[in-house]
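Input: a single structure, listed below in structure tokens.
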Amino acid sequence: MSEAGQLEALVTQHMIAAMKAHDAERTGTLRLIKTALKNKSIDKRAPLTPAEEGQALATMIKQRRDSIEQFINGNRPELAAKEAAEIVVIEEFLPKALGEAELAELVGVVIVELAASLGRQPGAKDMGPAIKAVQAKLQQAGLRAEGRAVSDAVKKQLAG
């Protein structure tokens, strides 16, 4: 999305279509997205940038993943399924998440660059700077990956 507010307009269009189709669950999730974007904009007191919109949606997905874990532990599979369905709708408005192979490749490139700048092979204590560099590259390229996946990929490559 290039302009601020464009994502909100897109969500509104999808919401109207879902309402016309009498898809209550999708409509509800789209309303949640619209509200989250509006609240973040109000908190900031300015229109959101595309990166901030993406961050708001990524936060919503993380919250739902945490809820799914809690619901599964609490033996509430129907609530976990509802949260999973919401994640699917939210992800429609985000760039496609990198797969494990693509992420591993990107992490490999970053670690080679980090080794060149350090003048030595990075180790476990260089995990923080490596994760930051990977996340910066992801943002620069307009890609996304879950924080936990980035951390795991970096840890795996620094150890191996």
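Here, A, B, ... name the chains of the structure tokens in the order displayed, residue numbers run from 1 inside each chain, and ligands are numbered from 1 in the same displayed order.
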Hey, what's within 10 Å of segment 47-59 of chain A if we count only C-alpha atoms and toss same-chain stuff fewer than 2 positions away? As a ChimeraX atom specification, please?
/A:1-8,33-34,36-45,61-65,87,90-91,93-95,139,142,144-147
Give me the residues within 12 Å of Val112 of chain A as a VMD selection string, counting only C-alpha atoms and dropping any in the same chain fewer than 3 places off.
chain A and resid 105 to 109 115 to 123 130 133 to 134 154 157 to 158
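Closest approach to Lys82 of chain A among A:His14, A:Arg31, A:Arg26, A:Lys96: A:Arg26, based on only C-alpha atoms.
Going from atom CA of Ile68 of chain A to atom CA of Ala84 of chain A covers 7.2 Å.
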Go ahead and compute the interatomic distance for atom CA of Glu83 of chain A and atom CA of Glu69 of chain A, in Å to one decimal.
10.1 Å
Could you pull out the helix (DSSP H, G or I) residues of chain A from DSSP and send them as a ChimeraX atom specification?
/A:6-20,24-44,50-73,77-91,100-118,124-141,147-159
At what distance in Å, to one decimal, does atom CA of Gly128 of chain A lie from atom CA of Ser151 of chain A?
8.9 Å
